[in-house]
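This is work-v2.csv. It holds CSV, C-alpha atoms.
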```csv
chain,number,residue,atom,x,y,z
G,1,MET,CA,98.3,86.3,-26.8
G,2,ARG,CA,97.8,84.1,-29.8
G,3,LEU,CA,101.3,84.3,-31.3
G,4,PRO,CA,103.2,84.2,-28.1
G,5,LEU,CA,101.4,80.9,-27.3
G,6,LEU,CA,102.2,79.6,-30.7
G,7,ALA,CA,105.8,80.6,-30.3
G,8,LEU,CA,106.0,78.8,-26.9
G,9,LEU,CA,104.6,75.6,-28.6
G,10,ALA,CA,107.3,75.8,-31.3
G,11,ARG,CA,109.6,74.3,-28.8
G,12,GLY,CA,107.5,71.2,-28.2
G,13,PRO,CA,104.1,70.1,-26.8
G,14,ALA,CA,102.8,71.7,-23.6
G,15,HIS,CA,99.5,72.0,-21.7
G,16,GLY,CA,97.8,75.3,-20.8
G,17,TYR,CA,99.1,75.8,-17.3
G,18,GLU,CA,102.7,75.1,-18.4
G,19,LEU,CA,102.3,77.8,-21.0
G,20,LYS,CA,101.1,80.3,-18.4
G,21,GLN,CA,104.1,79.6,-16.2
G,22,ASP,CA,106.5,79.8,-19.1
G,23,LEU,CA,105.1,83.2,-20.1
G,24,GLU,CA,105.4,84.5,-16.5
G,25,GLN,CA,108.9,83.3,-16.2
G,26,LEU,CA,110.0,84.7,-19.5
G,27,LEU,CA,108.4,88.1,-19.1
G,28,GLY,CA,108.7,88.7,-15.4
G,29,SER,CA,106.5,90.7,-13.1
G,30,ALA,CA,106.3,93.7,-15.5
G,31,TYR,CA,104.0,91.8,-17.8
G,32,PRO,CA,100.3,91.8,-16.8
G,33,GLN,CA,99.9,88.2,-15.5
G,34,PRO,CA,97.9,86.3,-18.1
G,35,ASN,CA,95.0,84.6,-16.5
G,36,VAL,CA,94.7,80.9,-17.1
G,37,GLY,CA,91.2,81.1,-18.4
G,38,GLN,CA,92.3,83.5,-21.2
G,39,ILE,CA,95.0,81.1,-22.1
G,40,TYR,CA,92.5,78.1,-22.4
G,41,VAL,CA,90.1,80.2,-24.5
G,42,THR,CA,92.9,81.3,-26.8
G,43,LEU,CA,94.2,77.7,-27.1
G,44,GLY,CA,90.7,76.6,-28.0
G,45,ARG,CA,90.5,79.2,-30.8
G,46,LEU,CA,93.9,78.3,-32.1
G,47,GLU,CA,92.8,74.7,-32.3
G,48,LYS,CA,89.7,75.6,-34.2
G,49,GLN,CA,91.8,77.5,-36.7
G,50,GLY,CA,94.0,74.4,-37.2
G,51,LEU,CA,97.1,76.1,-35.9
G,52,ILE,CA,97.5,73.7,-33.0
G,53,GLU,CA,96.2,70.3,-32.1
G,54,GLY,CA,95.3,69.1,-28.6
G,55,GLU,CA,95.5,65.5,-27.3
G,56,ASP,CA,93.9,64.4,-24.1
G,57,VAL,CA,96.3,62.8,-21.7
G,58,GLU,CA,94.9,60.7,-18.9
G,59,GLN,CA,96.0,61.5,-15.4
G,60,SER,CA,95.5,59.2,-12.5
G,61,SER,CA,93.1,60.6,-9.9
G,62,ARG,CA,92.8,63.9,-11.8
G,63,PRO,CA,90.8,65.0,-14.8
G,64,ASN,CA,92.5,64.6,-18.2
G,65,LYS,CA,94.7,67.3,-19.3
G,66,LYS,CA,95.1,68.5,-22.9
G,67,VAL,CA,98.6,68.7,-24.3
G,68,TYR,CA,98.9,70.9,-27.4
G,69,HIS,CA,101.3,70.8,-30.3
G,70,LEU,CA,102.0,73.1,-33.2
G,71,THR,CA,100.7,72.1,-36.6
G,72,GLU,CA,102.4,72.9,-39.9
G,73,SER,CA,100.1,75.8,-40.5
G,74,GLY,CA,100.7,77.1,-37.0
G,75,ARG,CA,104.4,77.0,-37.8
G,76,GLU,CA,103.7,78.9,-41.0
G,77,GLU,CA,101.7,81.5,-39.1
G,78,LEU,CA,104.7,82.0,-36.8
G,79,ARG,CA,107.1,82.5,-39.7
G,80,VAL,CA,104.9,85.2,-41.1
G,81,TRP,CA,104.8,86.8,-37.7
G,82,PHE,CA,108.6,87.0,-37.5
G,83,GLU,CA,108.8,88.1,-41.1
G,84,GLU,CA,106.7,91.2,-40.7
G,85,PRO,CA,108.0,94.3,-38.9
G,86,GLU,CA,105.6,95.9,-36.4
G,87,ASP,CA,104.0,99.3,-36.7
G,88,GLU,CA,105.8,102.1,-35.1
G,89,PRO,CA,104.3,103.2,-31.7
G,90,ARG,CA,101.8,105.9,-32.1
G,91,VAL,CA,101.7,109.3,-30.4
G,92,ARG,CA,99.1,109.2,-27.6
G,93,ASP,CA,96.6,111.1,-29.4
G,94,GLU,CA,93.9,111.4,-26.7
G,95,PHE,CA,96.1,113.6,-24.6
G,96,PHE,CA,97.1,115.6,-27.7
G,97,MET,CA,93.5,116.2,-28.5
G,98,LYS,CA,92.8,117.5,-25.0
G,99,LEU,CA,95.8,119.8,-25.3
G,100,ALA,CA,94.8,121.0,-28.8
G,101,LEU,CA,91.2,121.6,-27.9
G,102,ALA,CA,91.5,123.0,-24.4
G,103,PRO,CA,91.8,126.7,-25.3
G,104,GLN,CA,88.6,126.6,-27.4
G,105,THR,CA,86.5,125.1,-24.7
G,106,GLY,CA,87.5,127.4,-21.9
G,107,LEU,CA,87.2,124.3,-19.7
G,108,ALA,CA,90.8,123.4,-19.1
G,109,ASP,CA,94.2,125.1,-19.0
G,110,GLN,CA,96.9,123.7,-21.3
G,111,ILE,CA,99.7,124.0,-18.7
G,112,ALA,CA,97.5,122.4,-16.0
G,113,LEU,CA,96.9,119.6,-18.5
G,114,ILE,CA,100.6,119.1,-19.1
G,115,ASN,CA,101.3,119.1,-15.4
G,116,LYS,CA,98.7,116.6,-14.7
G,117,GLN,CA,99.9,114.3,-17.5
G,118,ARG,CA,103.5,114.7,-16.3
G,119,ARG,CA,102.5,113.5,-12.9
G,120,GLN,CA,100.8,110.5,-14.4
G,121,TYR,CA,103.9,109.6,-16.4
G,122,LEU,CA,106.3,110.2,-13.5
G,123,THR,CA,104.2,107.9,-11.3
G,124,ALA,CA,104.3,105.3,-14.0
G,125,MET,CA,108.0,105.7,-14.3
G,126,ARG,CA,108.4,105.3,-10.6
G,127,SER,CA,106.4,102.1,-10.7
G,128,LEU,CA,108.7,100.8,-13.4
G,129,SER,CA,111.8,101.7,-11.4
G,130,LYS,CA,110.4,99.7,-8.5
G,131,LEU,CA,109.6,96.8,-10.8
G,132,ALA,CA,113.1,96.9,-12.3
G,133,ALA,CA,114.6,96.8,-8.8
G,134,ALA,CA,112.3,94.0,-7.7
G,135,GLU,CA,112.7,91.9,-10.8
G,136,ASN,CA,115.5,89.3,-10.9
G,137,ARG,CA,118.5,91.1,-12.4
G,138,ASP,CA,119.4,88.0,-14.4
G,139,ASN,CA,116.1,87.9,-16.2
G,140,ARG,CA,117.4,89.9,-19.2
G,141,ILE,CA,114.2,89.7,-21.2
G,142,ALA,CA,112.1,91.1,-18.3
G,143,GLN,CA,114.6,93.8,-17.6
G,144,LEU,CA,114.7,94.8,-21.2
G,145,LEU,CA,110.9,95.0,-21.3
G,146,ILE,CA,110.9,97.4,-18.4
G,147,GLU,CA,113.8,99.4,-19.8
G,148,GLY,CA,111.9,99.7,-23.1
G,149,ALA,CA,108.8,101.0,-21.2
G,150,MET,CA,110.9,103.5,-19.3
G,151,LEU,CA,112.5,104.8,-22.5
G,152,HIS,CA,109.0,105.3,-24.1
G,153,LEU,CA,107.9,107.2,-21.0
G,154,GLN,CA,111.1,109.2,-21.1
G,155,ALA,CA,110.3,110.2,-24.7
G,156,ASP,CA,106.7,111.1,-23.7
G,157,LEU,CA,108.1,113.3,-20.8
G,158,ASP,CA,110.6,115.0,-23.1
G,159,TRP,CA,107.7,115.8,-25.4
G,160,LEU,CA,105.6,117.2,-22.6
G,161,GLU,CA,108.6,119.4,-21.8
G,162,ARG,CA,108.6,120.7,-25.4
G,163,CYS,CA,104.9,121.4,-25.2
G,164,GLN,CA,105.3,123.3,-22.1
G,165,GLU,CA,108.2,125.4,-23.4
G,166,GLU,CA,106.3,126.3,-26.6
G,167,LEU,CA,103.0,127.0,-25.0
G,168,GLU,CA,104.3,129.0,-22.1
G,169,GLU,CA,106.0,131.4,-24.5
G,170,LEU,CA,102.6,132.2,-25.9
G,171,GLU,CA,101.2,133.2,-22.5
I,1,MET,CA,102.9,126.5,8.8
I,2,SER,CA,103.5,123.5,10.9
I,3,ASP,CA,105.3,123.6,14.2
I,4,GLY,CA,107.4,120.5,13.4
I,5,PRO,CA,111.2,120.6,13.2
I,6,ALA,CA,112.7,123.2,10.9
I,7,PRO,CA,113.1,121.9,7.4
I,8,VAL,CA,116.6,120.7,6.5
I,9,LEU,CA,116.5,123.3,3.7
I,10,ARG,CA,114.3,126.3,3.1
I,11,ALA,CA,114.5,128.9,0.4
I,12,GLU,CA,112.3,132.0,0.1
I,13,SER,CA,112.0,134.2,-3.0
I,14,LEU,CA,115.4,133.2,-4.4
I,15,VAL,CA,116.5,135.2,-7.4
I,16,LYS,CA,119.6,134.9,-9.6
I,17,THR,CA,120.4,136.6,-12.9
I,18,HIS,CA,123.4,135.9,-15.0
I,19,TYR,CA,124.9,138.9,-16.7
I,20,GLY,CA,127.1,138.0,-19.6
I,21,GLU,CA,127.3,139.0,-23.2
I,22,GLY,CA,123.9,139.8,-24.6
I,23,ALA,CA,120.7,139.9,-22.6
I,24,PRO,CA,120.7,139.1,-18.9
I,25,ALA,CA,119.7,135.5,-18.2
I,26,HIS,CA,117.1,135.2,-15.5
I,27,ALA,CA,118.1,131.7,-14.2
I,28,VAL,CA,116.1,131.7,-11.0
I,29,ARG,CA,113.1,133.9,-10.7
I,30,GLY,CA,111.5,133.8,-7.2
I,31,VAL,CA,111.8,130.3,-5.9
I,32,ASN,CA,110.3,129.1,-2.7
I,33,LEU,CA,111.2,125.6,-1.5
I,34,ARG,CA,111.1,123.5,1.6
I,35,VAL,CA,112.8,120.2,2.0
I,36,ARG,CA,112.0,118.2,5.0
I,37,GLN,CA,114.2,115.7,6.8
I,38,GLY,CA,114.4,112.4,4.9
I,39,GLU,CA,112.9,113.7,1.7
I,40,PHE,CA,114.2,112.8,-1.7
I,41,VAL,CA,113.4,115.7,-4.1
I,42,ALA,CA,114.2,115.7,-7.8
I,43,VAL,CA,114.2,119.0,-9.8
I,44,THR,CA,113.7,118.3,-13.5
I,45,GLY,CA,113.4,120.5,-16.5
I,46,PRO,CA,114.9,121.3,-19.9
I,47,SER,CA,118.6,122.4,-20.0
I,48,GLY,CA,118.9,126.1,-19.5
I,49,ALA,CA,115.8,126.2,-17.2
I,50,GLY,CA,118.0,127.3,-14.3
I,51,LYS,CA,117.9,124.1,-12.3
I,52,SER,CA,121.7,123.8,-11.9
I,53,THR,CA,121.9,127.5,-10.8
I,54,LEU,CA,119.2,126.7,-8.2
I,55,LEU,CA,121.3,123.8,-6.8
I,56,HIS,CA,124.4,126.0,-6.7
I,57,LEU,CA,122.5,128.6,-4.7
I,58,LEU,CA,121.3,126.0,-2.3
I,59,GLY,CA,124.9,124.8,-1.8
I,60,GLY,CA,126.3,128.2,-1.5
I,61,LEU,CA,128.4,127.7,-4.6
I,62,GLN,CA,126.8,130.9,-6.0
I,63,ARG,CA,125.1,133.7,-4.1
I,64,PRO,CA,121.6,134.8,-4.8
I,65,ASP,CA,120.8,138.3,-6.0
I,66,GLY,CA,117.7,138.2,-3.8
I,67,GLY,CA,115.9,136.0,-1.3
I,68,SER,CA,117.1,133.8,1.6
I,69,ILE,CA,118.2,130.3,2.4
I,70,TRP,CA,117.9,128.5,5.7
I,71,LEU,CA,119.8,125.3,6.6
I,72,ASP,CA,118.2,123.5,9.6
I,73,GLY,CA,116.5,126.7,10.5
I,74,ALA,CA,119.7,128.8,10.4
I,75,CYS,CA,119.6,131.7,8.0
I,76,ALA,CA,122.5,131.7,5.6
I,77,ASN,CA,122.1,135.3,4.3
I,78,ALA,CA,125.2,136.6,6.1
I,79,TRP,CA,127.4,133.7,5.7
I,80,SER,CA,130.9,134.3,4.3
I,81,GLU,CA,132.6,132.1,1.7
I,82,ALA,CA,134.6,130.5,4.5
I,83,ARG,CA,131.4,129.7,6.4
I,84,TRP,CA,129.8,128.1,3.3
I,85,ALA,CA,132.9,126.1,2.7
I,86,MET,CA,132.7,124.8,6.2
I,87,GLU,CA,129.0,123.9,5.8
I,88,ARG,CA,129.8,122.1,2.6
I,89,ARG,CA,132.2,119.9,4.6
I,90,LYS,CA,129.9,119.2,7.4
I,91,ARG,CA,126.3,119.7,6.6
I,92,ILE,CA,126.0,119.5,2.8
I,93,GLY,CA,127.5,116.9,0.5
I,94,ILE,CA,127.6,117.6,-3.2
I,95,VAL,CA,128.1,115.4,-6.3
I,96,PHE,CA,128.5,116.9,-9.7
I,97,GLN,CA,128.1,115.7,-13.3
I,98,PHE,CA,131.9,115.5,-13.9
I,99,PHE,CA,132.8,114.0,-10.5
I,100,ASN,CA,135.3,116.8,-9.7
I,101,LEU,CA,137.7,114.4,-8.0
I,102,VAL,CA,141.3,115.5,-7.2
I,103,SER,CA,143.1,113.8,-10.1
I,104,ASN,CA,146.5,113.4,-8.4
I,105,LEU,CA,145.1,111.9,-5.2
I,106,SER,CA,144.2,108.2,-4.8
I,107,VAL,CA,140.7,107.1,-4.3
I,108,ALA,CA,141.3,106.6,-0.6
I,109,ASP,CA,142.7,110.1,-0.2
I,110,ASN,CA,139.9,111.7,-2.2
I,111,VAL,CA,137.4,110.2,0.2
I,112,GLU,CA,139.4,110.8,3.4
I,113,LEU,CA,140.3,114.4,2.6
I,114,PRO,CA,137.0,116.1,3.5
I,115,ALA,CA,136.8,114.0,6.7
I,116,LEU,CA,140.3,115.2,7.7
I,117,LEU,CA,139.5,118.8,6.8
I,118,ALA,CA,136.4,118.6,9.0
I,119,GLY,CA,138.6,117.6,11.9
I,120,THR,CA,137.9,113.9,12.0
I,121,SER,CA,140.9,111.8,13.3
I,122,PRO,CA,142.9,110.0,10.7
I,123,LYS,CA,141.8,106.7,12.2
I,124,GLN,CA,138.2,107.5,12.0
I,125,ALA,CA,138.5,109.0,8.5
I,126,ARG,CA,140.0,105.8,7.4
I,127,ALA,CA,137.3,103.7,9.0
I,128,GLY,CA,134.6,105.9,7.4
I,129,ARG,CA,136.3,105.6,4.0
I,130,GLU,CA,136.6,101.9,4.2
I,131,GLU,CA,133.0,101.4,5.1
I,132,LEU,CA,131.7,103.7,2.3
I,133,LEU,CA,134.0,102.2,-0.4
I,134,ALA,CA,132.9,98.7,0.6
I,135,GLU,CA,129.3,99.8,0.5
I,136,LEU,CA,129.7,101.3,-2.9
I,137,GLY,CA,131.4,98.3,-4.3
I,138,LEU,CA,134.8,99.9,-4.6
I,139,ALA,CA,136.8,97.8,-2.1
I,140,GLY,CA,140.1,97.1,-3.7
I,141,LYS,CA,140.2,100.4,-5.6
I,142,GLU,CA,141.6,102.4,-2.7
I,143,ARG,CA,145.0,102.9,-4.3
I,144,SER,CA,143.7,103.6,-7.8
I,145,MET,CA,143.9,107.1,-9.2
I,146,PRO,CA,140.6,108.6,-10.5
I,147,GLY,CA,141.8,108.5,-14.1
I,148,GLU,CA,142.1,104.7,-13.9
I,149,LEU,CA,138.5,104.3,-13.1
I,150,SER,CA,135.4,104.2,-15.3
I,151,GLY,CA,132.9,107.1,-15.1
I,152,GLY,CA,130.5,105.1,-13.0
I,153,GLU,CA,133.3,104.2,-10.6
I,154,GLN,CA,134.5,107.8,-10.3
I,155,GLN,CA,130.9,108.9,-9.6
I,156,ARG,CA,130.7,106.3,-6.8
I,157,VAL,CA,134.0,107.7,-5.3
I,158,ALA,CA,132.5,111.2,-5.6
I,159,LEU,CA,129.4,109.9,-3.7
I,160,ALA,CA,131.6,108.4,-1.0
I,161,ARG,CA,133.4,111.7,-0.7
I,162,ALA,CA,130.2,113.6,-0.4
I,163,LEU,CA,128.8,111.3,2.3
I,164,VAL,CA,132.0,110.7,4.4
I,165,ASN,CA,131.1,113.4,6.9
I,166,GLN,CA,127.5,112.1,7.1
I,167,PRO,CA,126.0,115.4,6.0
I,168,PRO,CA,122.3,115.9,6.7
I,169,LEU,CA,121.8,117.1,3.1
I,170,LEU,CA,123.1,115.6,-0.2
I,171,LEU,CA,122.9,117.8,-3.3
I,172,ALA,CA,123.4,116.0,-6.6
I,173,ASP,CA,123.8,118.0,-9.9
I,174,GLU,CA,123.1,115.7,-12.9
I,175,PRO,CA,125.1,112.9,-11.2
I,176,ALA,CA,124.4,110.6,-14.2
I,177,GLY,CA,124.8,113.2,-16.8
I,178,SER,CA,128.1,111.8,-18.2
I,179,LEU,CA,127.3,108.1,-17.5
I,180,ASP,CA,125.9,105.4,-19.8
I,181,SER,CA,122.7,103.6,-19.1
I,182,LYS,CA,124.2,101.1,-16.8
I,183,GLY,CA,126.0,103.8,-14.8
I,184,THR,CA,122.8,105.7,-14.6
I,185,ARG,CA,121.0,102.8,-13.1
I,186,GLU,CA,123.8,102.3,-10.6
I,187,VAL,CA,123.6,105.9,-9.4
I,188,MET,CA,119.9,105.6,-9.2
I,189,ARG,CA,120.1,102.4,-7.1
I,190,LEU,CA,122.7,104.0,-4.7
I,191,LEU,CA,120.7,107.2,-4.2
I,192,SER,CA,117.6,105.1,-3.4
I,193,ARG,CA,119.5,103.0,-1.0
I,194,PHE,CA,120.9,106.0,0.9
I,195,HIS,CA,117.5,107.7,0.9
I,196,GLN,CA,115.9,104.6,2.4
I,197,ARG,CA,118.3,104.9,5.3
I,198,GLY,CA,117.1,108.4,5.9
I,199,GLN,CA,119.5,110.6,3.8
I,200,THR,CA,117.8,113.8,2.6
I,201,ILE,CA,118.6,114.4,-1.1
I,202,VAL,CA,118.0,117.1,-3.6
I,203,LEU,CA,118.8,115.9,-7.1
I,204,VAL,CA,118.9,118.0,-10.2
I,205,THR,CA,118.5,116.0,-13.4
I,206,HIS,CA,117.0,116.2,-16.9
I,207,ASP,CA,116.6,112.4,-16.8
I,208,ALA,CA,113.1,111.4,-15.9
I,209,ARG,CA,114.2,107.8,-15.1
I,210,LEU,CA,116.6,109.2,-12.5
I,211,ALA,CA,114.0,111.6,-11.2
I,212,SER,CA,111.5,108.8,-10.7
I,213,ALA,CA,113.7,107.5,-7.9
I,214,ALA,CA,112.7,110.5,-5.8
I,215,ASP,CA,109.4,110.7,-4.0
I,216,ARG,CA,108.8,114.3,-4.9
I,217,VAL,CA,109.5,115.8,-8.3
I,218,ILE,CA,109.7,119.5,-9.0
I,219,SER,CA,109.3,120.6,-12.6
I,220,PHE,CA,111.4,123.6,-13.2
I,221,PHE,CA,110.8,125.9,-16.2
I,222,ASP,CA,112.3,129.2,-17.1
I,223,GLY,CA,113.6,129.9,-13.6
I,224,ARG,CA,110.4,129.0,-11.8
I,225,ILE,CA,108.7,126.0,-10.2
I,226,ALA,CA,106.0,124.9,-12.7
I,227,ASP,CA,104.8,121.9,-10.7
I,228,ASP,CA,105.6,120.2,-7.4
I,229,ALA,CA,104.4,116.6,-7.3
I,230,THR,CA,104.6,113.9,-4.7
I,231,LEU,CA,104.9,110.5,-6.4
I,232,ASP,CA,103.3,107.4,-5.1
I,233,GLY,CA,103.9,104.8,-7.7
I,234,THR,CA,103.0,101.6,-6.0
I,235,PRO,CA,102.9,99.1,-8.9
I,236,SER,CA,99.6,97.5,-9.3
I,237,PRO,CA,100.2,93.7,-9.6
I,238,ARG,CA,96.9,92.9,-11.4
I,239,THR,CA,97.1,95.2,-14.4
I,240,GLY,CA,100.8,95.5,-14.9
I,241,ILE,CA,102.4,98.8,-15.7
I,242,SER,CA,100.8,101.3,-18.0
I,243,GLY,CA,99.7,100.5,-21.5
I,244,VAL,CA,103.3,100.5,-22.6
I,245,LEU,CA,103.8,96.9,-21.4
I,246,GLU,CA,100.6,95.3,-22.5
I,247,LEU,CA,100.7,92.7,-25.1
I,248,ARG,CA,97.9,93.1,-27.5
I,249,ASP,CA,95.2,90.6,-28.2
```

Output the structure of this file as structure tokens.
Amino acid sequence: MRLPLLALLARGPAHGYELKQDLEQLLGSAYPQPNVGQIYVTLGRLEKQGLIEGEDVEQSSRPNKKVYHLTESGREELRVWFEEPEDEPRVRDEFFMKLALAPQTGLADQIALINKQRRQYLTAMRSLSKLAAAENRDNRIAQLLIEGAMLHLQADLDWLERCQEELEELE
Amino acid sequence: MSDGPAPVLRAESLVKTHYGEGAPAHAVRGVNLRVRQGEFVAVTGPSGAGKSTLLHLLGGLQRPDGGSIWLDGACANAWSEARWAMERRKRIGIVFQFFNLVSNLSVADNVELPALLAGTSPKQARAGREELLAELGLAGKERSMPGELSGGEQQRVALARALVNQPPLLLADEPAGSLDSKGTREVMRLLSRFHQRGQTIVLVTHDARLASAADRVISFFDGRIADDATLDGTPSPRTGISGVLELRD
């Protein structure tokens, strides 16, 4: 959550709770809701690293709140973040290991493993469909996040189908 | 076996082999299936697995080499082509990948025709058509010809046509197969909406996104049912959805 928080602060100073709300609004319900404690801990770390600076603001009848702003080295950290491409998503190797090793153990059947995994993916896909329907249609970023997740799952399901085609022929 | 009402659709030991050039293709190899009232069942699998053939058998568009089909408890083994054609007007609505609209009839006529053929009065046919087109976001397109519409719009007209006689069973064969991502989502949304109102649906698709709209997914491989899964899929609000969506760190 470090860099998303830095990115939100690039717009201007904000306090922890504001950042939590901004993240929620931007990413929608598909994103696991960040807990506010996590956000404060991360902000504390960023401050120690000199990437942001906090300033106490007095509030009448409430405890002081800390408003953070981005430092120049924080801005530089963000530039590097945007500069670097991300690693490609990796194949889910744990399932693949189960599939590869099942016949040697005699403890599991490959086709049964594939079926079980497919149910898992289909259920996840269904949850995503429901989320997409529930999410505000005008929140493009949130909708794109869900669509991306669905396309990943679609690819995983296609691959399971390939596994099943190949492995059933051997039977 | 339960003593509840007869399933909307029941198939036992269905077999269909295509004989063409080369080796015979065993498209459907002994399929048993029950679809209860109000169920939304998706049949998925790779192309060539026989899932479209299965749907064609269930709609009487092809006849099985072996096995039996029951609709609402009535055995269809002895039905003639004419009887199947009548059932497809009254009890079974079908949508296809390529819409199959009548190209020289207007949108309104395409939708009203099956109602008129089923003996509905012109006035009622028109009322049914108006209601469905409005529901499907096609109000104002009545006079258009199919060729003037986008693929997504044509598929919505096809859906209206399939549903105009309020058939207990809707069969859909790759209904989003020739649509873009937006059209796919639209079809998905509409199928879900009709299902929520109690429409029984059997959908054949290779698209897992579309299949996930169903509450039961049958995986079809090599002419046989490889898995038959009832999906739950209630999103968990705490954890978000699958690792796919988690931000790291």

Report as a Markdown table the residues of chain G within 10 Å of chain I, each with its shortest atom pair and distance in Å (one decimal), using all atoms listed in the file, ordered by chain and increasing residue number.
```
| residue | atom | partner | partner_atom | distance |
| --- | --- | --- | --- | --- |
| G:Met1 | CA | I:Asp249 | CA | 5.5 |
| G:Arg2 | CA | I:Asp249 | CA | 7.2 |
| G:Leu3 | CA | I:Asp249 | CA | 9.3 |
| G:Pro4 | CA | I:Leu247 | CA | 9.4 |
| G:Ser29 | CA | I:Gly240 | CA | 7.7 |
| G:Ala30 | CA | I:Gly240 | CA | 5.8 |
| G:Tyr31 | CA | I:Gly240 | CA | 5.7 |
| G:Pro32 | CA | I:Gly240 | CA | 4.2 |
| G:Gln33 | CA | I:Arg238 | CA | 6.9 |
| G:Pro34 | CA | I:Arg238 | CA | 9.5 |
| G:Asn35 | CA | I:Arg238 | CA | 9.9 |
| G:Thr42 | CA | I:Asp249 | CA | 9.7 |
| G:Pro89 | CA | I:Val244 | CA | 9.5 |
| G:Ile111 | CA | I:Ala226 | CA | 8.7 |
| G:Ala112 | CA | I:Asp227 | CA | 9.0 |
| G:Ile114 | CA | I:Asp227 | CA | 9.8 |
| G:Asn115 | CA | I:Asp227 | CA | 6.5 |
| G:Lys116 | CA | I:Asp227 | CA | 9.0 |
| G:Arg118 | CA | I:Ser219 | CA | 9.1 |
| G:Arg119 | CA | I:Ala229 | CA | 6.7 |
| G:Gln120 | CA | I:Leu231 | CA | 9.0 |
| G:Tyr121 | CA | I:Ser242 | CA | 9.0 |
| G:Leu122 | CA | I:Ser212 | CA | 6.1 |
| G:Thr123 | CA | I:Gly233 | CA | 4.8 |
| G:Ala124 | CA | I:Gly233 | CA | 6.3 |
| G:Met125 | CA | I:Ser212 | CA | 5.9 |
| G:Arg126 | CA | I:Ser212 | CA | 4.7 |
| G:Ser127 | CA | I:Gly233 | CA | 4.7 |
| G:Leu128 | CA | I:Ile241 | CA | 7.0 |
| G:Ser129 | CA | I:Ala213 | CA | 7.0 |
| G:Lys130 | CA | I:Pro235 | CA | 7.5 |
| G:Leu131 | CA | I:Pro235 | CA | 7.3 |
| G:Ala132 | CA | I:Arg185 | CA | 9.9 |
| G:Ala133 | CA | I:Arg189 | CA | 8.0 |
| G:Leu145 | CA | I:Leu245 | CA | 7.4 |
| G:Ile146 | CA | I:Leu245 | CA | 7.7 |
| G:Glu147 | CA | I:Arg209 | CA | 9.6 |
| G:Gly148 | CA | I:Val244 | CA | 8.7 |
| G:Ala149 | CA | I:Val244 | CA | 5.7 |
| G:Met150 | CA | I:Arg209 | CA | 6.9 |
| G:Leu151 | CA | I:Arg209 | CA | 8.2 |
| G:His152 | CA | I:Val244 | CA | 7.6 |
| G:Leu153 | CA | I:Val244 | CA | 8.3 |
| G:Gln154 | CA | I:Ala208 | CA | 6.0 |
| G:Ala155 | CA | I:Ala208 | CA | 9.3 |
| G:Leu157 | CA | I:Ala208 | CA | 7.3 |
| G:Asp158 | CA | I:Pro46 | CA | 8.3 |
| G:Glu161 | CA | I:Pro46 | CA | 6.8 |
| G:Arg162 | CA | I:Pro46 | CA | 8.4 |
| G:Gln164 | CA | I:Phe221 | CA | 8.5 |
| G:Glu165 | CA | I:Phe221 | CA | 7.7 |
| G:Glu168 | CA | I:Phe221 | CA | 9.3 |
| G:Glu169 | CA | I:Asp222 | CA | 10.0 |
```

*Give me the residues within 6 Å of Thr200 in chain I as a list in words, counting only C-alpha atoms and dropping any in the same chain fewer than 2 places off.*
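Selected residues are Gln37, Gly38, Glu39, Phe40 and Leu169 of chain I.
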
*Test item: residues at most 9 Å from Leu138 in chain I, only C-alpha atoms, excluding those fewer than 3 positions along its chain, as an MDAnalysis selection string*: chainID I and resid 132:135 141:142 153 156:157

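Note that the spacing between CA of Ala27 in chain I and CA of Thr53 in chain I amounts to 6.6 Å.
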
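Among the candidate residues I:Ala6, I:Ala25, I:Leu113, I:Ala11, the one lying nearest to Gly60 in chain I is I:Ala11, with distances computed using all atoms listed in the file.
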
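Across the model, the gap from CA of Thr205 in chain I to CA of Cys163 in chain G is 18.8 Å.
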
*Two-atom distance - CA of Leu33 in chain I, CA of Ser13 in chain I (Å)*: 8.8 Å

*asked:* Show me, as a list in words, the residues that have an atom within 10 Å of Asn77 in chain I when counting only C-alpha atoms, minus same-chain residues fewer than 6 positions from it.
replied: Arg63, Pro64, Gly66, Gly67, Ser68, Ile69 and Trp70 of chain I

*For Pro7 in chain I, work out the shell of residues within 6 Å, counting all atoms listed in the file and skipping chain neighbours fewer than 4 positions away, then give it as a ChimeraX atom specification.*
/I:35-36,72

*Go through G:Ile39, G:Ile52, G:Leu19, G:Leu78 and flag the residue nearest Ala7 in chain G, using only C-alpha atoms for the distances.*
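Of G:Ile39, G:Ile52, G:Leu19, G:Leu78, the one nearest Ala7 in chain G is G:Leu78, counting only C-alpha atoms.
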
_Show me, as number ranges by chain, the residues that have an atom within 9 Å of range 89-99 of chain I when counting all atoms listed in the file, minus same-chain residues fewer than 3 positions from it._
I: 59, 71, 84-86, 114-115, 117-118, 151, 154-159, 161-179
